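Participant: Following this message is one structure expressed as structure tokens.
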Amino acid sequence: MNDFPDLLVLPDLLLRHATDADPVSDAMREHDDLRVIEVRSSGKIAGAVARRHGRTRIEVWPSHQRRGRGTEAMAAWLEALLVRAEPLAVVDVDHPAARAFCREFGLQRDGHAWLHTPRTIERLRDLRLARLRRYRQRAHMVVLELGAPGDYGSVLGLPLYAECVPLRSIGADAYGRTQYLAAAAAAAWHAMQDAAAADDVTLQVVSAFRGFDRQLAIVQRKREAGQTLAKITAVSALPGYSEHHTGAALDLTTPGAAVLEADFADTDAYAWLTAHAAGHGFRESYSAGNVHGLAHEPWHWAHVPTLERAVILDQPAV
């Protein structure tokens with residue numbers, strides 16, 4: 001069984017190892033691989049998760065299950081686990097809010113646990129669709145607020161991309177920062193990096209996952225620096241349309257190369273990528289003369305299977 005993912009971005013959820021200071025029940029502390037689920041924006045804890053006898057077990061912390069970000073966070077976590085087809089149980093918490101949470105998500109009482117049912121999957125699917133509708137509406141409004149046309153994506157042939165849930169750490173980038181990708185993209189990246197190393201080519205990450213809010217901040221910072229929207233959009237996709245949202249995209253470099261510069265196309269690393277990246281499922285997204293009319297980015301590569309799964313319908317908000 002795969003390890004737990006490290007980070008759940010939607011909605012704002014972090015998984016970390018439990019400490020003695022965390023109020024996790026004694027029953028959960030007897031399980032393997034104990035983590036707590038933390039809402040990053042507030043620092044509050046939504047629950048805990050661990051494994052025992054091949055089943056994933058979750059402890060719901062009732063003080064954060066009142067239809068706030070804690071509930072939303074737990075819903076995202078349940079969805080991520082069920083997508084992986086893992087047997088799932090929520091340990092019984094003797095509190096009305098926790099029991100209401102379990103009933104809301106279609107979990108059924110079985111002894112000292114609540115087990116997921118087909119209703120759980122239906123409920124999570126409905127929540128995912130509602131979240132994607134809100135995301136699509138927000139992307140449309142942000143495009144308009146930035147001064148771009150409402151059909152921005154269609155004009156450039158850029159699909160709307162959902163933010164990835166969940167993400168897995170791929171280790172430190174060239175600057176020592178931890179970077180994240182979707183699980184399949186992460187595995188493909190490590191295999192490609194190892195294959196390049198076997199050919200005496202060093203591939204380093206500059207940037208990987210980048211969410212909607214981070215992309216918006218980048219665009220706004222460029223606007224504040226005096227760049228026109230036309231100049232910005234020639235090199236940066238607007239929020240919602242960046243491949244980095246998907247957990248599939250990587251900006252790469254190699255020792256001695258200027259970072260995020262066209263000269264990367266003259267390196268041995270780029271030559272190796274053009275010859276071998278497709279065999280690992282990666283493609284150069286913005287090649288010279290690309291159909292989107294965007295600047296050539298020889299450093300930007302994306303894992304195609306992961307990218308294609310992240311496309312959502314780009315329809316204007318109604």
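Chain identifiers are assigned as A, B, and so on, following the order in which chains appear in the structure tokens; residues are numbered from 1 within each chain, and ligands are numbered from 1 in order of appearance.
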Residues within 7 Å of range 111-124 of chain A, please, as a PyMOL selection string. Count only C-alpha atoms; anything in the same chain fewer than 5 positions from it doesn't count.
Facilitator: chain A and resi 75+79+88-92+102+105-106
Participant: Out of A:Thr267, A:Gln204, A:Asn290, A:Gln220, which residue has the shortest atom-to-atom distance to Gly147 in chain A when counting only C-alpha atoms?
Facilitator: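 Using only C-alpha atoms, the shortest distance to Gly147 in chain A belongs to A:Gln220.
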Participant: Please provide the set of residues having any atom within 10 Å of range 268-278 of chain A, restricted to only C-alpha atoms, with same-chain residues fewer than 4 positions apart removed, written as a list of chain:residue names.
Facilitator: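 Here the qualifying residues turn out to be A:Ala188, A:Trp189, A:Met192, A:Gln193, A:Ala195, A:Ala196, A:Asp199, A:Asp200, A:Val201, A:Thr202, A:Leu203, A:Gln204, A:Leu252, A:Thr253, A:Thr254, A:Pro255, A:Ala257, A:Asp263, A:Phe264, A:Phe282, A:Arg283, A:Glu284, A:Pro298, A:Trp299, A:Trp301, A:Ala302, A:His303, A:Val304.
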